[in-house]
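Here's protein_35.cif, which has mmCIF, C-alpha atoms:
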data_structure
#
loop_
_atom_site.label_atom_id
_atom_site.label_comp_id
_atom_site.auth_asym_id
_atom_site.auth_seq_id
_atom_site.Cartn_x
_atom_site.Cartn_y
_atom_site.Cartn_z
CA MET F 994 150.73 80.06 107.33
CA LYS F 995 147.71 79.38 109.52
CA PHE F 996 145.47 82.33 110.48
CA GLY F 997 142.75 82.69 113.07
CA ILE F 998 140.32 85.59 112.62
CA LEU F 999 138.31 87.26 115.39
CA VAL F 1000 135.38 89.52 114.45
CA ASN F 1001 134.02 91.62 117.33
CA GLU F 1002 131.61 93.94 115.52
CA GLY F 1003 128.35 93.55 113.64
CA PRO F 1004 127.85 94.16 109.91
CA TYR F 1005 126.87 97.54 108.40
CA GLN F 1006 127.63 99.44 111.63
CA HIS F 1007 131.43 99.26 111.65
CA GLN F 1008 133.94 98.42 108.95
CA ALA F 1009 135.36 95.59 111.07
CA SER F 1010 133.47 92.72 109.43
CA ASP F 1011 134.23 94.10 105.94
CA SER F 1012 137.94 94.36 106.79
CA ALA F 1013 137.91 90.87 108.31
CA TYR F 1014 136.24 89.45 105.19
CA GLN F 1015 138.69 91.14 102.81
CA PHE F 1016 141.67 89.99 104.88
CA THR F 1017 140.37 86.41 105.10
CA LYS F 1018 139.64 86.30 101.35
CA ALA F 1019 143.10 87.67 100.50
CA ALA F 1020 144.80 85.16 102.83
CA LEU F 1021 142.90 82.22 101.29
CA GLU F 1022 143.61 83.43 97.74
CA LYS F 1023 147.31 83.54 98.60
CA GLY F 1024 147.14 79.88 99.63
CA HIS F 1025 147.25 80.41 103.40
CA GLU F 1026 145.04 78.40 105.71
CA VAL F 1027 142.37 80.10 107.81
CA PHE F 1028 141.82 77.78 110.77
CA ARG F 1029 138.64 79.51 111.90
CA VAL F 1030 136.71 82.80 111.87
CA PHE F 1031 135.24 83.41 115.32
CA PHE F 1032 132.37 85.89 115.73
CA TYR F 1033 132.14 87.40 119.20
CA HIS F 1034 130.12 90.21 120.84
CA ASP F 1035 128.07 92.08 118.16
CA GLY F 1036 130.06 90.11 115.58
CA VAL F 1037 127.47 87.32 115.95
CA ASN F 1038 125.09 89.51 113.89
CA ASN F 1039 127.18 88.54 110.84
CA GLY F 1040 125.43 85.16 111.00
CA THR F 1041 121.71 85.91 110.67
CA ARG F 1042 120.08 84.58 107.50
CA LEU F 1043 117.16 87.04 107.85
CA ALA F 1044 119.08 90.18 106.92
CA THR F 1045 118.06 91.61 103.55
CA PRO F 1046 120.34 94.47 102.52
CA PRO F 1047 119.40 96.45 99.35
CA GLN F 1048 120.18 94.70 96.04
CA ASP F 1049 123.00 97.10 95.18
CA ASP F 1050 124.70 96.68 98.57
CA ARG F 1051 127.01 93.88 99.62
CA ASN F 1052 125.35 91.02 101.51
CA ILE F 1053 127.88 90.49 104.28
CA THR F 1054 126.32 87.25 105.60
CA VAL F 1055 126.00 85.64 102.16
CA ARG F 1056 129.54 86.75 101.30
CA TRP F 1057 130.91 84.92 104.38
CA ALA F 1058 128.82 81.84 103.53
CA GLU F 1059 130.15 81.80 99.94
CA LEU F 1060 133.73 82.02 101.21
CA SER F 1061 132.99 79.18 103.63
CA ASP F 1062 131.55 77.09 100.80
CA LYS F 1063 134.49 77.70 98.48
CA TYR F 1064 137.29 77.15 101.01
CA ASN F 1065 135.57 74.96 103.60
CA LEU F 1066 136.01 77.82 106.07
CA ASP F 1067 134.93 77.28 109.68
CA LEU F 1068 132.61 80.16 110.71
CA VAL F 1069 131.85 79.98 114.43
CA ILE F 1070 129.38 82.16 116.34
CA CYS F 1071 129.84 82.54 120.11
CA ILE F 1072 126.86 80.91 121.84
CA ALA F 1073 126.61 83.28 124.82
CA ALA F 1074 126.83 86.38 122.59
CA ALA F 1075 124.32 84.78 120.16
CA GLN F 1076 121.77 84.01 122.87
CA ARG F 1077 121.81 87.61 124.07
CA ARG F 1078 121.26 88.90 120.54
CA GLY F 1079 118.71 86.41 119.24
CA ILE F 1080 120.92 84.41 116.88
CA VAL F 1081 119.51 80.87 117.09
CA ASP F 1082 120.18 77.57 115.30
CA GLU F 1083 117.73 74.64 115.10
CA GLU F 1084 119.12 72.97 118.21
CA GLU F 1085 118.98 76.16 120.30
CA MET F 1086 115.46 76.84 119.01
CA LYS F 1087 114.31 73.51 120.49
CA ARG F 1088 116.37 73.84 123.66
CA GLN F 1089 115.15 77.37 124.43
CA GLY F 1090 111.60 76.75 123.24
CA LYS F 1091 111.72 79.42 120.50
CA ASP F 1092 109.40 79.43 117.48
CA ALA F 1093 112.09 80.07 114.88
CA SER F 1094 115.77 79.79 114.08
CA ASN F 1095 117.81 82.25 112.03
CA LEU F 1096 121.41 81.00 111.77
CA ALA F 1097 122.71 81.48 108.22
CA PRO F 1098 124.04 78.52 106.20
CA GLY F 1099 127.79 78.07 106.53
CA PHE F 1100 127.83 79.23 110.17
CA ARG F 1101 127.73 77.15 113.35
CA ILE F 1102 127.16 78.08 116.99
CA SER F 1103 129.68 76.97 119.60
CA GLY F 1104 131.52 78.07 122.71
CA LEU F 1105 134.40 80.38 123.58
CA GLY F 1106 136.73 77.37 123.71
CA GLN F 1107 136.69 77.52 119.91
CA LEU F 1108 138.35 80.96 120.07
CA ILE F 1109 141.00 79.69 122.50
CA GLU F 1110 141.65 76.74 120.20
CA ALA F 1111 141.95 79.07 117.19
CA GLY F 1112 144.48 81.14 119.15
CA ILE F 1113 146.52 78.06 119.98
CA GLN F 1114 146.32 76.32 116.59
CA SER F 1115 146.93 79.41 114.42
CA ASP F 1116 150.29 81.07 113.75
CA ARG F 1117 148.59 84.48 113.92
CA LEU F 1118 145.27 85.59 115.41
CA ILE F 1119 144.08 88.76 113.71
CA VAL F 1120 141.49 90.84 115.58
CA PHE F 1121 138.94 93.03 113.82
CA GLY F 1122 136.75 95.28 115.95
CA ASP F 1123 135.80 98.81 116.80
CA MET D 769 160.89 90.53 112.78
CA GLY D 770 159.07 92.53 115.42
CA MET D 771 155.43 93.30 115.85
CA LEU D 772 152.89 94.51 113.32
CA HIS D 773 150.64 97.13 114.95
CA VAL D 774 147.28 97.54 113.21
CA VAL D 775 145.55 100.86 113.92
CA ASN D 776 141.98 101.45 112.72
CA LYS D 777 140.92 104.71 114.38
CA SER D 778 141.19 108.27 113.10
CA PRO D 779 143.85 110.16 115.11
CA PHE D 780 141.43 113.11 115.12
CA GLU D 781 138.83 111.09 117.02
CA LYS D 782 140.62 108.56 119.24
CA THR D 783 144.05 108.21 120.85
CA SER D 784 144.86 104.66 119.70
CA LEU D 785 147.56 105.86 117.28
CA ASP D 786 149.25 107.76 120.15
CA SER D 787 149.12 104.65 122.35
CA CYS D 788 150.54 102.58 119.52
CA LEU D 789 153.40 105.05 118.96
CA VAL D 790 154.29 104.90 122.67
CA TYR D 791 154.56 101.11 122.65
CA ALA D 792 155.91 100.40 119.15
CA LYS D 793 159.55 99.35 119.37
CA GLU D 794 162.27 100.10 116.87
CA GLY D 795 161.91 97.81 113.87
CA ALA D 796 158.19 97.32 114.37
CA ALA D 797 155.65 98.13 111.67
CA ILE D 798 152.45 100.15 111.88
CA LEU D 799 149.63 99.49 109.44
CA LEU D 800 146.94 102.15 109.15
CA ILE D 801 143.54 100.75 108.12
CA GLU D 802 139.94 101.99 108.13
CA ASP D 803 139.69 105.54 109.60
CA ALA D 804 143.35 105.45 110.68
CA VAL D 805 144.33 106.11 107.05
CA TYR D 806 143.61 109.80 107.82
CA ALA D 807 146.91 109.74 109.76
CA ALA D 808 148.75 108.91 106.52
CA LEU D 809 147.89 112.24 104.86
CA LYS D 810 150.39 115.06 104.34
CA ASP D 811 149.86 118.45 106.02
CA THR D 812 147.60 117.37 108.87
CA ALA D 813 147.95 118.13 112.60
CA VAL D 814 149.41 114.63 113.20
CA ALA D 815 151.75 114.49 110.16
CA ASP D 816 154.84 115.45 112.19
CA LYS D 817 154.13 112.68 114.69
CA VAL D 818 153.83 110.14 111.89
CA ARG D 819 157.03 111.38 110.24
CA ALA D 820 158.82 110.97 113.59
CA ALA D 821 157.49 107.40 113.81
CA LEU D 822 158.94 106.67 110.37
CA LYS D 823 162.43 107.16 111.83
CA LYS D 824 162.10 104.04 114.01
CA CYS D 825 159.29 102.02 112.38
CA LYS D 826 157.96 101.10 108.98
CA VAL D 827 154.55 102.65 108.35
CA TYR D 828 152.02 101.25 105.90
CA ALA D 829 148.53 102.39 104.87
CA LEU D 830 145.76 100.33 103.28
CA GLU D 831 145.06 101.60 99.75
CA PRO D 832 141.40 100.45 99.46
CA ASP D 833 140.60 102.36 102.68
CA ILE D 834 142.43 105.49 101.41
CA LYS D 835 140.44 105.39 98.17
CA ALA D 836 137.14 104.59 99.94
CA ARG D 837 137.53 107.91 101.77
CA GLY D 838 138.09 109.90 98.59
CA MET D 839 141.76 110.47 99.32
CA GLU D 840 144.61 110.30 96.84
CA VAL D 841 147.59 108.01 97.30
CA ALA D 842 149.73 110.92 95.99
CA LYS D 843 148.85 112.86 99.16
CA VAL D 844 150.24 110.18 101.47
CA ILE D 845 153.32 111.18 103.52
CA ASP D 846 156.60 110.23 101.81
CA GLY D 847 158.03 107.05 103.31
CA ILE D 848 154.65 105.45 104.03
CA ASP D 849 154.16 102.38 101.86
CA VAL D 850 150.69 101.81 100.46
CA VAL D 851 149.45 98.19 100.42
CA ASN D 852 146.28 96.30 99.46
CA TYR D 853 144.68 93.42 101.42
CA GLY D 854 147.20 90.98 99.94
CA GLY D 855 149.94 93.24 101.30
CA PHE D 856 148.19 93.22 104.70
CA VAL D 857 148.36 89.40 104.66
CA ASP D 858 152.06 89.52 103.66
CA LEU D 859 152.83 91.90 106.55
CA ALA D 860 150.95 89.65 109.00
CA THR D 861 153.12 86.72 107.93
CA ALA D 862 156.39 88.69 107.79
CA TYR D 863 156.14 90.05 111.34
CA ASP D 864 156.29 87.71 114.34
CA ASN D 865 152.99 88.83 115.84
CA VAL D 866 150.11 91.15 115.11
CA HIS D 867 148.42 93.51 117.54
CA SER D 868 145.18 95.31 116.69
CA TRP D 869 144.70 98.59 118.55
CA VAL D 870 140.89 98.23 118.59
#
As C-alpha coordinates, the full file:
Amino acid sequence: MKFGILVNEGPYQHQASDSAYQFTKAALEKGHEVFRVFFYHDGVNNGTRLATPPQDDRNITVRWAELSDKYNLDLVICIAAAQRRGIVDEEEMKRQGKDASNLAPGFRISGLGQLIEAGIQSDRLIVFGD
Amino acid sequence: MGMLHVVNKSPFEKTSLDSCLVYAKEGAAILLIEDAVYAALKDTAVADKVRAALKKCKVYALEPDIKARGMEVAKVIDGIDVVNYGGFVDLATAYDNVHSWV
(Lines of atoms letter the chains of each structure in order from A and count residues from 1; the text may use other names and numbers.)
(Lines give C-alpha, C1' and ligand atoms only; values in the text may rest on other atoms or scores of the structure.)
Protein backbone atom coordinates (compact mmCIF):
# COMPACT_ATOMS: atom_id res chain seq x y z
CA MET A 1 0.00 0.00 0.00
CA LYS A 2 1.07 3.58 -0.66
CA PHE A 3 1.14 6.02 2.29
CA GLY A 4 1.41 9.78 2.44
CA ILE A 5 2.50 11.29 5.76
CA LEU A 6 1.72 14.82 6.96
CA VAL A 7 3.69 16.24 9.91
CA ASN A 8 2.23 19.46 11.37
CA GLU A 9 4.32 19.90 14.51
CA GLY A 10 7.96 20.63 15.28
CA PRO A 11 10.40 18.24 16.96
CA TYR A 12 10.94 18.04 20.75
CA GLN A 13 7.80 20.10 21.52
CA HIS A 14 5.10 17.58 20.62
CA GLN A 15 5.21 13.84 20.08
CA ALA A 16 3.81 14.23 16.56
CA SER A 17 7.10 14.05 14.66
CA ASP A 18 8.24 11.05 16.77
CA SER A 19 4.95 9.24 16.08
CA ALA A 20 5.18 10.11 12.38
CA TYR A 21 8.75 8.79 12.21
CA GLN A 22 7.88 5.53 13.99
CA PHE A 23 4.84 4.99 11.76
CA THR A 24 6.80 5.73 8.58
CA LYS A 25 9.65 3.42 9.63
CA ALA A 26 7.22 0.60 10.50
CA ALA A 27 5.39 1.01 7.17
CA LEU A 28 8.65 0.89 5.18
CA GLU A 29 9.91 -2.13 7.16
CA LYS A 30 6.68 -3.94 6.32
CA GLY A 31 7.36 -3.35 2.62
CA HIS A 32 4.80 -0.58 2.07
CA GLU A 33 5.64 2.44 -0.04
CA VAL A 34 5.73 5.92 1.50
CA PHE A 35 5.07 8.29 -1.38
CA ARG A 36 6.12 11.39 0.54
CA VAL A 37 6.47 12.91 4.02
CA PHE A 38 5.23 16.49 3.94
CA PHE A 39 6.25 18.90 6.72
CA TYR A 40 3.81 21.76 7.23
CA HIS A 41 3.36 24.54 9.82
CA ASP A 42 5.87 24.07 12.71
CA GLY A 43 6.65 20.66 11.17
CA VAL A 44 9.19 22.44 8.94
CA ASN A 45 11.47 22.67 12.02
CA ASN A 46 12.13 18.94 11.54
CA GLY A 47 14.39 19.95 8.65
CA THR A 48 17.04 22.23 10.15
CA ARG A 49 20.59 20.85 10.07
CA LEU A 50 21.69 23.24 12.86
CA ALA A 51 19.85 21.53 15.70
CA THR A 52 22.19 19.82 18.17
CA PRO A 53 20.25 17.77 20.71
CA PRO A 54 22.22 16.20 23.62
CA GLN A 55 24.25 13.08 22.72
CA ASP A 56 21.96 10.76 24.68
CA ASP A 57 18.79 12.11 23.04
CA ARG A 58 17.39 11.14 19.66
CA ASN A 59 18.36 13.41 16.77
CA ILE A 60 15.00 13.75 15.03
CA THR A 61 16.37 15.51 11.92
CA VAL A 62 19.23 13.03 11.40
CA ARG A 63 16.83 10.13 12.00
CA TRP A 64 14.56 11.37 9.18
CA ALA A 65 17.57 11.88 6.90
CA GLU A 66 18.82 8.32 7.59
CA LEU A 67 15.40 6.90 6.76
CA SER A 68 15.37 8.96 3.57
CA ASP A 69 18.81 7.65 2.65
CA LYS A 70 17.90 4.02 3.29
CA TYR A 71 14.52 4.00 1.55
CA ASN A 72 14.89 6.89 -0.89
CA LEU A 73 12.13 8.66 1.04
CA ASP A 74 10.88 12.02 -0.24
CA LEU A 75 11.00 14.55 2.64
CA VAL A 76 9.33 17.81 1.59
CA ILE A 77 9.25 21.04 3.60
CA CYS A 78 6.49 23.57 2.85
CA ILE A 79 8.11 26.71 1.40
CA ALA A 80 5.70 29.28 2.87
CA ALA A 81 5.90 27.72 6.36
CA ALA A 82 9.72 27.46 6.00
CA GLN A 83 10.16 31.11 5.02
CA ARG A 84 8.23 32.25 8.09
CA ARG A 85 10.37 30.10 10.37
CA GLY A 86 13.81 30.63 8.85
CA ILE A 87 14.30 27.25 7.19
CA VAL A 88 16.34 28.06 4.07
CA ASP A 89 18.01 26.02 1.32
CA GLU A 90 20.86 27.26 -0.92
CA GLU A 91 18.49 28.51 -3.61
CA GLU A 92 16.28 30.42 -1.15
CA MET A 93 19.39 31.85 0.52
CA LYS A 94 20.39 33.44 -2.80
CA ARG A 95 16.86 34.46 -3.75
CA GLN A 96 16.13 36.13 -0.40
CA GLY A 97 19.63 37.55 0.02
CA LYS A 98 20.35 35.65 3.26
CA ASP A 99 23.87 34.95 4.53
CA ALA A 100 23.31 31.28 5.34
CA SER A 101 21.23 28.21 4.58
CA ASN A 102 20.21 25.54 7.07
CA LEU A 103 18.17 22.85 5.28
CA ALA A 104 19.25 19.39 6.45
CA PRO A 105 20.48 16.77 3.96
CA GLY A 106 17.71 14.48 2.72
CA PHE A 107 15.08 17.26 2.82
CA ARG A 108 13.88 19.51 0.01
CA ILE A 109 11.77 22.67 0.01
CA SER A 110 8.71 22.85 -2.23
CA GLY A 111 5.13 24.03 -2.40
CA LEU A 112 1.77 22.95 -1.01
CA GLY A 113 0.97 21.26 -4.33
CA GLN A 114 3.28 18.47 -3.14
CA LEU A 115 0.87 17.77 -0.26
CA ILE A 116 -2.12 17.71 -2.62
CA GLU A 117 -0.23 15.33 -4.91
CA ALA A 118 0.64 13.08 -1.94
CA GLY A 119 -3.05 13.02 -1.01
CA ILE A 120 -4.04 12.03 -4.53
CA GLN A 121 -1.27 9.51 -5.21
CA SER A 122 -1.38 7.74 -1.82
CA ASP A 123 -3.93 5.15 -0.71
CA ARG A 124 -3.91 6.67 2.78
CA LEU A 125 -2.78 10.08 4.05
CA ILE A 126 -1.90 9.86 7.74
CA VAL A 127 -1.85 13.13 9.68
CA PHE A 128 0.36 13.70 12.72
CA GLY A 129 -0.08 16.92 14.68
CA ASP A 130 -1.06 18.46 17.95
CA MET B 1 -14.05 -1.86 6.44
CA GLY B 2 -15.00 1.47 7.96
CA MET B 3 -12.88 4.28 9.26
CA LEU B 4 -9.89 4.18 11.58
CA HIS B 5 -10.11 7.09 14.03
CA VAL B 6 -6.75 8.06 15.53
CA VAL B 7 -7.01 10.00 18.81
CA ASN B 8 -3.88 11.54 20.37
CA LYS B 9 -5.18 13.73 23.20
CA SER B 10 -5.75 12.89 26.86
CA PRO B 11 -9.51 12.77 27.57
CA PHE B 12 -8.72 14.62 30.82
CA GLU B 13 -7.34 17.60 28.89
CA LYS B 14 -9.18 17.85 25.56
CA THR B 15 -12.53 16.74 24.14
CA SER B 16 -11.26 15.06 20.95
CA LEU B 17 -12.13 11.57 22.22
CA ASP B 18 -15.71 12.73 22.91
CA SER B 19 -15.96 14.21 19.40
CA CYS B 20 -14.59 10.99 17.95
CA LEU B 21 -17.11 8.88 19.88
CA VAL B 22 -19.97 11.03 18.56
CA TYR B 23 -18.93 10.53 14.94
CA ALA B 24 -17.54 6.97 14.97
CA LYS B 25 -19.96 4.64 13.22
CA GLU B 26 -20.65 1.03 14.09
CA GLY B 27 -17.81 -1.14 12.82
CA ALA B 28 -15.27 1.66 12.93
CA ALA B 29 -12.04 1.41 14.91
CA ILE B 30 -10.52 3.85 17.38
CA LEU B 31 -6.77 3.86 17.95
CA LEU B 32 -5.51 5.64 21.06
CA ILE B 33 -1.98 7.02 20.67
CA GLU B 34 0.22 9.52 22.52
CA ASP B 35 -1.64 11.07 25.52
CA ALA B 36 -4.92 9.43 24.44
CA VAL B 37 -3.63 6.14 25.86
CA TYR B 38 -4.76 7.48 29.27
CA ALA B 39 -8.31 6.72 28.05
CA ALA B 40 -7.40 3.03 27.81
CA LEU B 41 -6.84 2.63 31.56
CA LYS B 42 -9.24 0.82 33.88
CA ASP B 43 -10.97 2.69 36.73
CA THR B 44 -10.73 6.22 35.36
CA ALA B 45 -13.51 8.81 34.99
CA VAL B 46 -13.81 8.02 31.25
CA ALA B 47 -13.59 4.19 31.50
CA ASP B 48 -17.37 3.72 31.26
CA LYS B 49 -17.49 5.83 28.11
CA VAL B 50 -14.75 3.75 26.53
CA ARG B 51 -16.46 0.50 27.54
CA ALA B 52 -19.66 1.76 25.90
CA ALA B 53 -17.68 2.52 22.72
CA LEU B 54 -16.39 -1.06 22.70
CA LYS B 55 -19.96 -2.25 22.09
CA LYS B 56 -20.05 -0.66 18.62
CA CYS B 57 -16.37 -0.17 17.69
CA LYS B 58 -13.04 -1.89 18.01
CA VAL B 59 -10.69 0.04 20.29
CA TYR B 60 -6.90 -0.22 20.12
CA ALA B 61 -4.12 1.42 22.14
CA LEU B 62 -0.48 1.92 21.17
CA GLU B 63 1.76 -0.13 23.46
CA PRO B 64 4.96 1.99 23.16
CA ASP B 65 2.96 5.06 24.24
CA ILE B 66 1.40 3.16 27.18
CA LYS B 67 4.85 2.06 28.35
CA ALA B 68 6.41 5.50 27.74
CA ARG B 69 3.94 6.87 30.30
CA GLY B 70 4.83 4.30 32.94
CA MET B 71 1.55 2.45 32.57
CA GLU B 72 1.06 -1.30 32.54
CA VAL B 73 -0.63 -3.13 29.69
CA ALA B 74 -2.32 -5.28 32.38
CA LYS B 75 -4.25 -2.19 33.52
CA VAL B 76 -5.80 -1.61 30.10
CA ILE B 77 -9.60 -2.06 29.89
CA ASP B 78 -10.62 -5.58 28.83
CA GLY B 79 -11.54 -5.67 25.15
CA ILE B 80 -9.02 -3.02 24.09
CA ASP B 81 -6.35 -4.55 21.88
CA VAL B 82 -2.80 -3.33 22.39
CA VAL B 83 -0.71 -2.83 19.22
CA ASN B 84 2.78 -1.59 18.31
CA TYR B 85 3.66 0.70 15.36
CA GLY B 86 3.53 -2.27 12.98
CA GLY B 87 0.00 -2.90 14.23
CA PHE B 88 -0.81 0.79 13.61
CA VAL B 89 0.32 0.34 9.99
CA ASP B 90 -1.77 -2.85 9.66
CA LEU B 91 -4.87 -1.02 10.98
CA ALA B 92 -4.28 1.86 8.55
CA THR B 93 -4.25 -0.61 5.66
CA ALA B 94 -7.16 -2.73 6.93
CA TYR B 95 -9.59 0.19 7.30
CA ASP B 96 -10.78 2.13 4.24
CA ASN B 97 -9.66 5.53 5.51
CA VAL B 98 -7.89 7.09 8.45
CA HIS B 99 -8.91 10.20 10.34
CA SER B 100 -6.64 11.87 12.89
CA TRP B 101 -8.49 13.84 15.56
CA VAL B 102 -5.64 16.36 15.95
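When CA of Ile1053 in chain F is paired with CA of Ala829 in chain D, their separation reads 23.8 Å.
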* Expected selection from the PyMOL selection byres ((chain D) within 7 of (chain F)), given as an MDAnalysis selection string -> chainID D and resid 853:854 857 865:866 868 870
* Pick from D:Tyr806, D:Tyr791, D:Phe780, D:Phe856, whichever lies nearest to Gly838 in chain D using only C-alpha atoms -> D:Tyr806
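The coordinates place CA of Asp858 in chain D at 14.5 Å from CA of Glu831 in chain D.
Once the PyMOL selection byres ((chain D and resi 841) around 12) is applied to the depicted file, the selected set reads Val805, Tyr806, Ala808, Leu809, Lys810, Tyr828, Ala829, Leu830, Glu831, Pro832, Asp833, Ile834, Lys835, Ala836, Arg837, Gly838, Met839, Glu840, Ala842, Lys843, Val844, Ile845, Asp846, Ile848, Asp849, Val850, Val851 and Asn852 of chain D.
With all atoms listed in the file as the atoms that count, the residue of F:Asn1065, F:Ala1074, F:Ala1058, F:Met1086 with the shortest distance to Gly1099 in chain F is F:Ala1058.
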* To do: Extract, using only C-alpha atoms, all DNA, RNA and protein residues at most 8 Å from Met771 in chain D, discarding same-chain residues fewer than 5 positions from it, and format them as a count of residues only.
  => 8
* Structure fact -> Across D:Ser787, D:Gly770, D:Ala862, D:Gly795, the smallest distance to Cys825 in chain D, with only C-alpha atoms counted, is shown by D:Gly795
* Structure fact -> For Glu1085 in chain F, the closest of F:Val1000, F:Ile1072, F:Ala1097, F:Leu1060 counting all atoms listed in the file is F:Ile1072
* Hey, what comes out of the PyMOL selection byres ((chain F and resi 1100) around 10) on this file? Could you write it as a ChimeraX atom specification? -> /F:1030-1032,1037,1039-1042,1054,1057-1058,1061,1066-1070,1082,1096-1099,1101-1103
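Remark: for Gln1114 in chain F, the closest of the candidate residues F:Lys1091, F:Arg1051, F:Phe1028, F:Gln1006 is F:Phe1028 (distances computed over only C-alpha atoms).
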* Asked: Which residues come within 12 Å of Gln1089 in chain F, counting only C-alpha atoms, excluding same-chain residues fewer than 6 positions away, as a PyMOL selection string?
  -> chain F and resi 1076+1079-1083
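Nearest residue to Asp803 in chain D among D:Val827, D:Val775, D:Leu789, D:Ala821 is D:Val775, counting all atoms listed in the file.
In this model, the gap between CA of Ser784 in chain D and CA of Val1027 in chain F comes to 27.4 Å.
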Build an axis-aligned box that encloses every atom of range 1005-1012 of chain F listed in the file, pad it by 5 Å on each side, and report its centre and edge lengths in Å to one decimal, as AutoDock Vina command-line options.
--center_x 132.4 --center_y 96.1 --center_z 108.8 --size_x 21.1 --size_y 16.7 --size_z 15.7
Excluding Ala804 in chain D and its own-chain neighbours fewer than 4 positions away, which residues fall within 7 Å of it when counting only C-alpha atoms? Please give them as a tab-separated table (two decimals) with C-alpha atoms, in the frame of the given file.
chain	number	residue	atom	x	y	z
D	775	VAL	CA	145.55	100.86	113.92
D	776	ASN	CA	141.98	101.45	112.72
D	777	LYS	CA	140.92	104.71	114.38
D	778	SER	CA	141.19	108.27	113.10
D	779	PRO	CA	143.85	110.16	115.11
D	800	LEU	CA	146.94	102.15	109.15
